[in-house]
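final_3.pdb follows; it contains PDB, C-alpha atoms, pLDDT in the B column.
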```
ATOM      1  CA  MET A  16     -25.854  -2.079  24.049  1.00 49.00           C
ATOM      2  CA  THR A  17     -29.536  -2.147  24.680  1.00 52.00           C
ATOM      3  CA  PRO A  18     -31.792  -5.107  23.950  1.00 53.00           C
ATOM      4  CA  LYS A  19     -33.397  -3.016  21.186  1.00 54.00           C
ATOM      5  CA  SER A  20     -30.045  -2.265  19.494  1.00 50.00           C
ATOM      6  CA  LEU A  21     -29.062  -5.918  19.806  1.00 50.00           C
ATOM      7  CA  GLY A  22     -32.327  -6.841  18.086  1.00 52.00           C
ATOM      8  CA  LEU A  23     -31.651  -4.369  15.268  1.00 50.00           C
ATOM      9  CA  MET A  24     -28.167  -5.801  14.842  1.00 50.00           C
ATOM     10  CA  GLN A  25     -29.593  -9.311  14.638  1.00 53.00           C
ATOM     11  CA  ASN A  26     -32.138  -8.153  12.037  1.00 57.00           C
ATOM     12  CA  TRP A  27     -29.267  -6.615  10.017  1.00 51.00           C
ATOM     13  CA  LYS A  28     -27.212  -9.803  10.300  1.00 58.00           C
ATOM     14  CA  ASP A  29     -30.198 -11.885   9.250  1.00 61.00           C
ATOM     15  CA  ALA A  30     -30.880  -9.633   6.259  1.00 57.00           C
ATOM     16  CA  MET A  31     -27.214  -9.609   5.227  1.00 63.00           C
ATOM     17  CA  SER A  32     -26.890 -13.373   5.604  1.00 72.00           C
ATOM     18  CA  ASN A  33     -29.647 -13.742   3.008  1.00 86.00           C
ATOM     19  CA  LEU A  34     -27.500 -11.972   0.409  1.00 91.00           C
ATOM     20  CA  ASN A  35     -25.238 -14.031  -1.801  1.00 92.00           C
ATOM     21  CA  LEU A  36     -21.725 -12.839  -2.639  1.00 93.00           C
ATOM     22  CA  VAL A  37     -22.793 -11.147  -5.888  1.00 93.00           C
ATOM     23  CA  GLU A  38     -25.569  -9.217  -4.142  1.00 92.00           C
ATOM     24  CA  ALA A  39     -23.385  -8.223  -1.193  1.00 92.00           C
ATOM     25  CA  THR A  40     -20.537  -7.109  -3.486  1.00 92.00           C
ATOM     26  CA  ALA A  41     -22.923  -5.086  -5.660  1.00 92.00           C
ATOM     27  CA  LEU A  42     -24.464  -3.444  -2.596  1.00 93.00           C
ATOM     28  CA  GLN A  43     -21.016  -2.578  -1.228  1.00 93.00           C
ATOM     29  CA  LYS A  44     -19.831  -1.036  -4.498  1.00 92.00           C
ATOM     30  CA  LEU A  45     -23.030   0.974  -4.997  1.00 92.00           C
ATOM     31  CA  VAL A  46     -22.917   2.266  -1.409  1.00 93.00           C
ATOM     32  CA  GLU A  47     -19.231   3.225  -1.844  1.00 93.00           C
ATOM     33  CA  LYS A  48     -20.237   5.315  -4.894  1.00 92.00           C
ATOM     34  CA  VAL A  49     -22.964   7.096  -2.901  1.00 91.00           C
ATOM     35  CA  ILE A  50     -20.559   7.825  -0.027  1.00 93.00           C
ATOM     36  CA  LYS A  51     -17.852   9.125  -2.392  1.00 94.00           C
ATOM     37  CA  LYS A  52     -20.331  11.378  -4.193  1.00 94.00           C
ATOM     38  CA  ALA A  53     -21.614  12.790  -0.898  1.00 94.00           C
ATOM     39  CA  LYS A  54     -18.100  13.417   0.481  1.00 95.00           C
ATOM     40  CA  ASP A  55     -16.901  14.912  -2.811  1.00 96.00           C
ATOM     41  CA  GLY A  56     -19.948  17.192  -2.640  1.00 96.00           C
ATOM     42  CA  GLY A  57     -18.812  18.446   0.761  1.00 96.00           C
ATOM     43  CA  GLU A  58     -21.268  16.552   2.915  1.00 95.00           C
ATOM     44  CA  GLU A  59     -20.155  15.649   6.434  1.00 94.00           C
ATOM     45  CA  ILE A  60     -21.723  13.824   9.327  1.00 93.00           C
ATOM     46  CA  ASP A  61     -22.273  16.153  12.260  1.00 93.00           C
ATOM     47  CA  VAL A  62     -20.989  15.171  15.676  1.00 95.00           C
ATOM     48  CA  GLY A  63     -23.595  13.256  17.648  1.00 93.00           C
ATOM     49  CA  ALA A  64     -25.743  10.174  17.418  1.00 93.00           C
ATOM     50  CA  HIS A  65     -27.972   9.802  14.390  1.00 90.00           C
ATOM     51  CA  SER A  66     -30.885   7.402  14.133  1.00 89.00           C
ATOM     52  CA  PHE A  67     -32.129   6.240  10.779  1.00 85.00           C
ATOM     53  CA  ASN A  68     -34.645   3.970   9.124  1.00 86.00           C
ATOM     54  CA  VAL A  69     -34.047   3.334   5.430  1.00 85.00           C
ATOM     55  CA  ASP A  70     -35.419   0.661   3.144  1.00 86.00           C
ATOM     56  CA  LEU A  71     -33.302   0.211   0.044  1.00 87.00           C
ATOM     57  CA  ASN A  72     -33.996  -1.180  -3.383  1.00 88.00           C
ATOM     58  CA  VAL A  73     -30.922  -2.420  -5.220  1.00 88.00           C
ATOM     59  CA  GLU A  74     -31.063  -3.416  -8.862  1.00 90.00           C
ATOM     60  CA  GLY A  75     -28.349  -3.875 -11.425  1.00 92.00           C
ATOM     61  CA  THR A  76     -25.698  -6.113 -12.879  1.00 93.00           C
ATOM     62  CA  LEU A  77     -22.246  -7.173 -11.757  1.00 93.00           C
ATOM     63  CA  SER A  78     -19.507  -8.326 -14.078  1.00 94.00           C
ATOM     64  CA  LYS A  79     -16.134  -9.683 -13.041  1.00 93.00           C
ATOM     65  CA  GLY A  80     -13.051 -10.009 -15.205  1.00 92.00           C
ATOM     66  CA  MET A  81     -10.614 -12.911 -15.236  1.00 93.00           C
ATOM     67  CA  ASP A  82      -8.155 -13.239 -12.378  1.00 92.00           C
ATOM     68  CA  SER A  83      -4.516 -12.724 -13.296  1.00 92.00           C
ATOM     69  CA  SER A  84      -1.115 -13.584 -11.826  1.00 91.00           C
ATOM     70  CA  VAL A  85       1.172 -10.696 -10.964  1.00 89.00           C
ATOM     71  CA  ALA A  86       4.382 -10.153  -9.060  1.00 87.00           C
ATOM     72  CA  PRO A  87       3.964  -8.402  -5.709  1.00 89.00           C
ATOM     73  CA  THR A  88       4.619  -4.664  -5.627  1.00 90.00           C
ATOM     74  CA  PHE A  89       8.302  -3.788  -5.332  1.00 92.00           C
ATOM     75  CA  LYS A  90       9.004  -1.395  -2.461  1.00 92.00           C
ATOM     76  CA  ILE A  91      12.654  -0.589  -1.999  1.00 92.00           C
ATOM     77  CA  GLU A  92      12.059   0.488   1.601  1.00 91.00           C
ATOM     78  CA  ASN A  93      11.324  -3.173   2.400  1.00 91.00           C
ATOM     79  CA  PHE A  94      14.922  -4.032   1.457  1.00 94.00           C
ATOM     80  CA  LEU A  95      16.876  -1.045   2.778  1.00 93.00           C
ATOM     81  CA  LYS A  96      17.031  -2.271   6.388  1.00 94.00           C
ATOM     82  CA  ALA A  97      18.624  -5.556   5.345  1.00 95.00           C
ATOM     83  CA  ILE A  98      21.071  -3.787   3.017  1.00 95.00           C
ATOM     84  CA  MET A  99      22.077  -1.174   5.582  1.00 94.00           C
ATOM     85  CA  LEU A 100      22.504  -3.687   8.405  1.00 95.00           C
ATOM     86  CA  LYS A 101      24.498  -6.031   6.177  1.00 96.00           C
ATOM     87  CA  TYR A 102      26.789  -3.177   5.133  1.00 96.00           C
ATOM     88  CA  ALA A 103      27.172  -1.979   8.742  1.00 95.00           C
ATOM     89  CA  SER A 104      28.180  -5.507   9.774  1.00 95.00           C
ATOM     90  CA  THR A 105      31.133  -5.334   7.359  1.00 96.00           C
ATOM     91  CA  LEU A 106      32.517  -2.217   9.077  1.00 95.00           C
ATOM     92  CA  GLY A 107      33.261  -3.831  12.411  1.00 91.00           C
ATOM     93  CA  LYS A 108      31.102  -3.874  15.515  1.00 93.00           C
ATOM     94  CA  GLN A 109      31.732  -0.332  16.806  1.00 95.00           C
ATOM     95  CA  GLU A 110      32.203   1.291  13.405  1.00 96.00           C
ATOM     96  CA  GLY A 111      28.976  -0.293  12.119  1.00 94.00           C
ATOM     97  CA  LYS A 112      26.996   1.096  15.058  1.00 95.00           C
ATOM     98  CA  GLU A 113      28.553   4.529  14.588  1.00 94.00           C
ATOM     99  CA  TRP A 114      27.769   4.493  10.867  1.00 94.00           C
ATOM    100  CA  LEU A 115      24.135   3.497  11.500  1.00 93.00           C
ATOM    101  CA  ASN A 116      23.778   6.167  14.182  1.00 93.00           C
ATOM    102  CA  SER A 117      25.232   8.828  11.875  1.00 93.00           C
ATOM    103  CA  LEU A 118      22.604   7.939   9.287  1.00 93.00           C
ATOM    104  CA  LEU A 119      19.550   7.173  11.398  1.00 93.00           C
ATOM    105  CA  SER A 120      19.948   9.466  14.396  1.00 93.00           C
ATOM    106  CA  ILE A 121      17.638  12.472  14.567  1.00 92.00           C
ATOM    107  CA  LYS A 122      20.839  14.442  15.180  1.00 91.00           C
ATOM    108  CA  GLY A 123      22.385  12.967  12.039  1.00 88.00           C
ATOM    109  CA  ALA A 124      21.329  12.480   8.438  1.00 92.00           C
ATOM    110  CA  MET A 125      17.808  11.241   9.286  1.00 94.00           C
ATOM    111  CA  GLY A 126      17.156  14.349  11.371  1.00 94.00           C
ATOM    112  CA  ALA A 127      18.146  16.569   8.451  1.00 93.00           C
ATOM    113  CA  VAL A 128      15.929  14.643   6.048  1.00 95.00           C
ATOM    114  CA  ILE A 129      12.999  14.896   8.467  1.00 96.00           C
ATOM    115  CA  LYS A 130      13.622  18.606   9.014  1.00 95.00           C
ATOM    116  CA  PHE A 131      14.007  19.623   5.364  1.00 96.00           C
ATOM    117  CA  GLY A 132      11.986  16.865   3.674  1.00 96.00           C
ATOM    118  CA  PRO A 133      13.257  14.059   1.451  1.00 95.00           C
ATOM    119  CA  GLU A 134      12.617  15.862  -1.846  1.00 95.00           C
ATOM    120  CA  ALA A 135      14.478  18.995  -0.715  1.00 96.00           C
ATOM    121  CA  VAL A 136      17.488  16.876   0.278  1.00 95.00           C
ATOM    122  CA  VAL A 137      17.466  14.915  -2.985  1.00 96.00           C
ATOM    123  CA  ASP A 138      17.267  18.203  -4.922  1.00 96.00           C
ATOM    124  CA  THR A 139      20.669  19.181  -3.463  1.00 95.00           C
ATOM    125  CA  LEU A 140      22.429  16.043  -4.745  1.00 96.00           C
ATOM    126  CA  PRO A 141      24.374  15.644  -8.006  1.00 97.00           C
ATOM    127  CA  SER A 142      22.167  14.521 -10.880  1.00 96.00           C
ATOM    128  CA  ASP A 143      24.540  11.677 -11.830  1.00 97.00           C
ATOM    129  CA  LEU A 144      24.187  10.218  -8.323  1.00 97.00           C
ATOM    130  CA  ILE A 145      20.382  10.449  -8.542  1.00 97.00           C
ATOM    131  CA  ALA A 146      20.487   8.822 -11.987  1.00 97.00           C
ATOM    132  CA  ALA A 147      22.659   5.970 -10.624  1.00 97.00           C
ATOM    133  CA  TRP A 148      20.087   5.421  -7.831  1.00 96.00           C
ATOM    134  CA  ASP A 149      17.215   5.416 -10.341  1.00 97.00           C
ATOM    135  CA  ILE A 150      18.969   2.963 -12.681  1.00 97.00           C
ATOM    136  CA  ALA A 151      19.901   0.597  -9.847  1.00 96.00           C
ATOM    137  CA  THR A 152      16.416   0.795  -8.324  1.00 96.00           C
ATOM    138  CA  GLU A 153      14.757   0.018 -11.666  1.00 96.00           C
ATOM    139  CA  ALA A 154      17.107  -2.933 -12.233  1.00 97.00           C
ATOM    140  CA  ALA A 155      16.296  -4.254  -8.732  1.00 96.00           C
ATOM    141  CA  LYS A 156      12.572  -3.849  -9.436  1.00 95.00           C
ATOM    142  CA  GLN A 157      12.838  -5.776 -12.710  1.00 95.00           C
ATOM    143  CA  HIS A 158      14.834  -8.564 -11.043  1.00 96.00           C
ATOM    144  CA  PHE A 159      12.353  -8.703  -8.136  1.00 95.00           C
ATOM    145  CA  HIS A 160       9.463  -9.112 -10.575  1.00 93.00           C
ATOM    146  CA  ALA A 161      11.331 -11.797 -12.500  1.00 93.00           C
ATOM    147  CA  VAL A 162      12.140 -13.961  -9.468  1.00 94.00           C
ATOM    148  CA  SER A 163       9.165 -13.296  -7.167  1.00 93.00           C
ATOM    149  CA  GLU A 164       6.418 -15.845  -6.793  1.00 92.00           C
ATOM    150  CA  LYS A 165       3.353 -14.541  -8.572  1.00 92.00           C
ATOM    151  CA  VAL A 166       0.183 -13.828  -6.629  1.00 89.00           C
ATOM    152  CA  THR A 167      -3.366 -13.976  -7.900  1.00 90.00           C
ATOM    153  CA  ARG A 168      -5.002 -10.630  -8.469  1.00 89.00           C
ATOM    154  CA  SER A 169      -8.749 -10.711  -8.580  1.00 90.00           C
ATOM    155  CA  GLY A 170     -10.326  -9.641 -11.829  1.00 90.00           C
ATOM    156  CA  ASN A 171     -11.885  -6.209 -12.068  1.00 89.00           C
ATOM    157  CA  THR A 172     -15.445  -6.075 -10.733  1.00 90.00           C
ATOM    158  CA  VAL A 173     -17.845  -3.612 -12.322  1.00 91.00           C
ATOM    159  CA  VAL A 174     -21.299  -2.908 -10.942  1.00 91.00           C
ATOM    160  CA  VAL A 175     -23.895  -1.007 -12.943  1.00 91.00           C
ATOM    161  CA  GLY A 176     -27.072  -0.434 -11.051  1.00 88.00           C
ATOM    162  CA  ASN A 177     -29.361   1.689  -8.989  1.00 86.00           C
ATOM    163  CA  LEU A 178     -29.555   2.100  -5.256  1.00 84.00           C
ATOM    164  CA  SER A 179     -32.829   3.782  -4.453  1.00 85.00           C
ATOM    165  CA  ILE A 180     -34.604   4.612  -1.243  1.00 83.00           C
ATOM    166  CA  ALA A 181     -37.992   2.990  -0.770  1.00 78.00           C
ATOM    167  CA  ASN A 182     -38.592   4.468   2.682  1.00 70.00           C
ATOM    168  CA  LYS A 183     -36.561   7.064   4.534  1.00 65.00           C
ATOM    169  CA  ALA A 184     -36.934   8.501   7.988  1.00 60.00           C
ATOM    170  CA  ALA A 185     -33.904  10.045   9.659  1.00 54.00           C
ATOM    171  CA  LYS A 186     -33.353  12.335  12.609  1.00 53.00           C
ATOM    172  CA  LYS A 187     -30.504  13.444  14.804  1.00 50.00           C
ATOM    173  CA  LYS A 188     -30.392  12.449  18.456  1.00 53.00           C
ATOM    174  CA  LYS A 189     -28.575  14.615  20.960  1.00 50.00           C
TER     175      LYS A 189
END
```
The structure given in the file should be rewritten as structure tokens.
Amino acid sequence: MTPKSLGLMQNWKDAMSNLNLVEATALQKLVEKVIKKAKDGGEEIDVGAHSFNVDLNVEGTLSKGMDSSVAPTFKIENFLKAIMLKYASTLGKQEGKEWLNSLLSIKGAMGAVIKFGPEAVVDTLPSDLIAAWDIATEAAKQHFHAVSEKVTRSGNTVVVGNLSIANKAAKKKK
């Protein structure tokens, strides 16, 4: 880094440290909207270094909803390793390893699922077996939510405002 770029970074840090949390959050959310709109519109950043000099005006309001307590998200894949290893341990040392290898080897069931795709494999299975999986998975999810320690989810934050350019000078460096 050059002394000039270090100075610019310090100026940015100084400017950002003068923002309170509401102002910084509002700026972030408004900038995210501008970026999304530009990307959705097909804009891309060309390869190369780009210099810029932009003064922004930010004006608006921020509202935040009440925090709530929720159970963590249930993801069955987080539990399958423990279930499979526990089951394999009941088969005996060698048999358990062979069973795991038959399932997880790229030359076994896992290889077929990777090759054909999980949905294609599931589509070949009997519907009553799929229904049993779905019922058991839903019951596990409900039980998980009932017994899991709740976590705080931050209330929804809504920013209504304008992000306008007071001064803009940009050019591409090669």
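When the PyMOL selection byres ((chain A and resi 34-50) around 9) is evaluated on the file shown here, the picked residues come out as A:Ala30, A:Met31, A:Ser32, A:Asn33, A:Lys51, A:Lys52, A:Ala53, A:Lys54, A:Asp55, A:Val73, A:Glu74, A:Gly75, A:Thr76, A:Leu77, A:Thr172, A:Val173, A:Val174, A:Val175, A:Gly176, A:Asn177, A:Leu178.
The space separating atom CA of Asn182 of chain A from atom CA of Phe67 of chain A comes to 10.5 Å.
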Quick one: pull the distance between atom CA of Tyr102 of chain A and atom CA of Trp114 of chain A, Å, one decimal.
9.6 Å
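Interatomic distance, atom CA of Lys90 of chain A against atom CA of Val128 of chain A: 19.4 Å.
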Since I can't run it myself right now, could you work out what the PyMOL selection byres ((chain A and resi 88) around 12) selects here and report it as a PyMOL selection string?
chain A and resi 85-87+89-93+156-157+159-161+163-166+168
Ala181 of chain A: which residues within 8 Å, counting only C-alpha atoms, same-chain residues fewer than 4 positions away excluded, as a ChimeraX atom specification?
/A:69-72
N, CA and C atoms restored at segment 40-72 of chain A, emitted as a PDB file, keeping the file's coordinate frame:
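Everything below was put into rebuild.pdb:
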```pdb
ATOM      1  N   THR A  40     -21.583  -7.875  -2.802  1.00 92.00           N
ATOM      2  CA  THR A  40     -20.537  -7.109  -3.486  1.00 92.00           C
ATOM      3  C   THR A  40     -21.148  -5.930  -4.226  1.00 92.00           C
ATOM      4  N   ALA A  41     -22.249  -6.163  -4.927  1.00 92.00           N
ATOM      5  CA  ALA A  41     -22.923  -5.086  -5.660  1.00 92.00           C
ATOM      6  C   ALA A  41     -23.398  -4.005  -4.697  1.00 92.00           C
ATOM      7  N   LEU A  42     -23.989  -4.410  -3.597  1.00 93.00           N
ATOM      8  CA  LEU A  42     -24.464  -3.444  -2.596  1.00 93.00           C
ATOM      9  C   LEU A  42     -23.288  -2.620  -2.073  1.00 93.00           C
ATOM     10  N   GLN A  43     -22.196  -3.281  -1.746  1.00 93.00           N
ATOM     11  CA  GLN A  43     -21.016  -2.578  -1.228  1.00 93.00           C
ATOM     12  C   GLN A  43     -20.516  -1.548  -2.234  1.00 93.00           C
ATOM     13  N   LYS A  44     -20.367  -1.943  -3.484  1.00 92.00           N
ATOM     14  CA  LYS A  44     -19.831  -1.036  -4.498  1.00 92.00           C
ATOM     15  C   LYS A  44     -20.779   0.133  -4.760  1.00 92.00           C
ATOM     16  N   LEU A  45     -22.078  -0.115  -4.786  1.00 92.00           N
ATOM     17  CA  LEU A  45     -23.030   0.974  -4.997  1.00 92.00           C
ATOM     18  C   LEU A  45     -23.035   1.936  -3.810  1.00 92.00           C
ATOM     19  N   VAL A  46     -22.954   1.411  -2.601  1.00 93.00           N
ATOM     20  CA  VAL A  46     -22.917   2.266  -1.409  1.00 93.00           C
ATOM     21  C   VAL A  46     -21.631   3.091  -1.401  1.00 93.00           C
ATOM     22  N   GLU A  47     -20.496   2.481  -1.778  1.00 93.00           N
ATOM     23  CA  GLU A  47     -19.231   3.225  -1.844  1.00 93.00           C
ATOM     24  C   GLU A  47     -19.343   4.405  -2.804  1.00 93.00           C
ATOM     25  N   LYS A  48     -20.050   4.219  -3.935  1.00 92.00           N
ATOM     26  CA  LYS A  48     -20.237   5.315  -4.894  1.00 92.00           C
ATOM     27  C   LYS A  48     -21.063   6.440  -4.278  1.00 92.00           C
ATOM     28  N   VAL A  49     -22.108   6.092  -3.536  1.00 91.00           N
ATOM     29  CA  VAL A  49     -22.964   7.096  -2.901  1.00 91.00           C
ATOM     30  C   VAL A  49     -22.157   7.874  -1.854  1.00 91.00           C
ATOM     31  N   ILE A  50     -21.373   7.171  -1.061  1.00 93.00           N
ATOM     32  CA  ILE A  50     -20.559   7.825  -0.027  1.00 93.00           C
ATOM     33  C   ILE A  50     -19.540   8.759  -0.670  1.00 93.00           C
ATOM     34  N   LYS A  51     -18.858   8.292  -1.711  1.00 94.00           N
ATOM     35  CA  LYS A  51     -17.852   9.125  -2.392  1.00 94.00           C
ATOM     36  C   LYS A  51     -18.497  10.384  -2.965  1.00 94.00           C
ATOM     37  N   LYS A  52     -19.646  10.232  -3.603  1.00 94.00           N
ATOM     38  CA  LYS A  52     -20.331  11.378  -4.193  1.00 94.00           C
ATOM     39  C   LYS A  52     -20.715  12.387  -3.113  1.00 94.00           C
ATOM     40  N   ALA A  53     -21.219  11.900  -1.990  1.00 94.00           N
ATOM     41  CA  ALA A  53     -21.614  12.790  -0.898  1.00 94.00           C
ATOM     42  C   ALA A  53     -20.405  13.520  -0.318  1.00 94.00           C
ATOM     43  N   LYS A  54     -19.308  12.790  -0.073  1.00 95.00           N
ATOM     44  CA  LYS A  54     -18.100  13.417   0.481  1.00 95.00           C
ATOM     45  C   LYS A  54     -17.485  14.387  -0.509  1.00 95.00           C
ATOM     46  N   ASP A  55     -17.437  14.006  -1.791  1.00 96.00           N
ATOM     47  CA  ASP A  55     -16.901  14.912  -2.811  1.00 96.00           C
ATOM     48  C   ASP A  55     -17.753  16.175  -2.922  1.00 96.00           C
ATOM     49  N   GLY A  56     -19.037  16.048  -2.616  1.00 96.00           N
ATOM     50  CA  GLY A  56     -19.948  17.192  -2.640  1.00 96.00           C
ATOM     51  C   GLY A  56     -19.884  18.034  -1.379  1.00 96.00           C
ATOM     52  N   GLY A  57     -19.008  17.650  -0.452  1.00 96.00           N
ATOM     53  CA  GLY A  57     -18.812  18.446   0.761  1.00 96.00           C
ATOM     54  C   GLY A  57     -19.672  18.035   1.944  1.00 96.00           C
ATOM     55  N   GLU A  58     -20.439  16.975   1.792  1.00 95.00           N
ATOM     56  CA  GLU A  58     -21.268  16.552   2.915  1.00 95.00           C
ATOM     57  C   GLU A  58     -20.407  15.955   4.023  1.00 95.00           C
ATOM     58  N   GLU A  59     -20.818  16.211   5.266  1.00 94.00           N
ATOM     59  CA  GLU A  59     -20.155  15.649   6.434  1.00 94.00           C
ATOM     60  C   GLU A  59     -21.218  15.172   7.407  1.00 94.00           C
ATOM     61  N   ILE A  60     -20.830  14.277   8.265  1.00 93.00           N
ATOM     62  CA  ILE A  60     -21.723  13.824   9.327  1.00 93.00           C
ATOM     63  C   ILE A  60     -21.426  14.673  10.553  1.00 93.00           C
ATOM     64  N   ASP A  61     -22.445  15.332  11.068  1.00 93.00           N
ATOM     65  CA  ASP A  61     -22.273  16.153  12.260  1.00 93.00           C
ATOM     66  C   ASP A  61     -21.958  15.278  13.461  1.00 93.00           C
ATOM     67  N   VAL A  62     -21.284  15.868  14.432  1.00 95.00           N
ATOM     68  CA  VAL A  62     -20.989  15.171  15.676  1.00 95.00           C
ATOM     69  C   VAL A  62     -22.306  14.834  16.366  1.00 95.00           C
ATOM     70  N   GLY A  63     -22.393  13.663  16.927  1.00 93.00           N
ATOM     71  CA  GLY A  63     -23.595  13.256  17.648  1.00 93.00           C
ATOM     72  C   GLY A  63     -24.107  11.924  17.148  1.00 93.00           C
ATOM     73  N   ALA A  64     -25.120  11.441  17.809  1.00 93.00           N
ATOM     74  CA  ALA A  64     -25.743  10.174  17.418  1.00 93.00           C
ATOM     75  C   ALA A  64     -26.858  10.465  16.419  1.00 93.00           C
ATOM     76  N   HIS A  65     -26.967   9.619  15.442  1.00 90.00           N
ATOM     77  CA  HIS A  65     -27.972   9.802  14.390  1.00 90.00           C
ATOM     78  C   HIS A  65     -28.760   8.497  14.249  1.00 90.00           C
ATOM     79  N   SER A  66     -30.081   8.592  14.363  1.00 89.00           N
ATOM     80  CA  SER A  66     -30.885   7.402  14.133  1.00 89.00           C
ATOM     81  C   SER A  66     -31.378   7.443  12.686  1.00 89.00           C
ATOM     82  N   PHE A  67     -31.685   6.295  12.162  1.00 85.00           N
ATOM     83  CA  PHE A  67     -32.129   6.240  10.779  1.00 85.00           C
ATOM     84  C   PHE A  67     -33.009   5.020  10.581  1.00 85.00           C
ATOM     85  N   ASN A  68     -33.803   5.086   9.524  1.00 86.00           N
ATOM     86  CA  ASN A  68     -34.645   3.970   9.124  1.00 86.00           C
ATOM     87  C   ASN A  68     -34.781   4.086   7.610  1.00 86.00           C
ATOM     88  N   VAL A  69     -34.076   3.245   6.884  1.00 85.00           N
ATOM     89  CA  VAL A  69     -34.047   3.334   5.430  1.00 85.00           C
ATOM     90  C   VAL A  69     -34.291   1.953   4.842  1.00 85.00           C
ATOM     91  N   ASP A  70     -35.226   1.881   3.930  1.00 86.00           N
ATOM     92  CA  ASP A  70     -35.419   0.661   3.144  1.00 86.00           C
ATOM     93  C   ASP A  70     -34.836   0.923   1.771  1.00 86.00           C
ATOM     94  N   LEU A  71     -33.986   0.018   1.321  1.00 87.00           N
ATOM     95  CA  LEU A  71     -33.302   0.211   0.044  1.00 87.00           C
ATOM     96  C   LEU A  71     -33.785  -0.782  -1.000  1.00 87.00           C
ATOM     97  N   ASN A  72     -33.804  -0.313  -2.223  1.00 88.00           N
ATOM     98  CA  ASN A  72     -33.996  -1.180  -3.383  1.00 88.00           C
ATOM     99  C   ASN A  72     -32.692  -1.155  -4.160  1.00 88.00           C
TER     100      ASN A  72
END
```
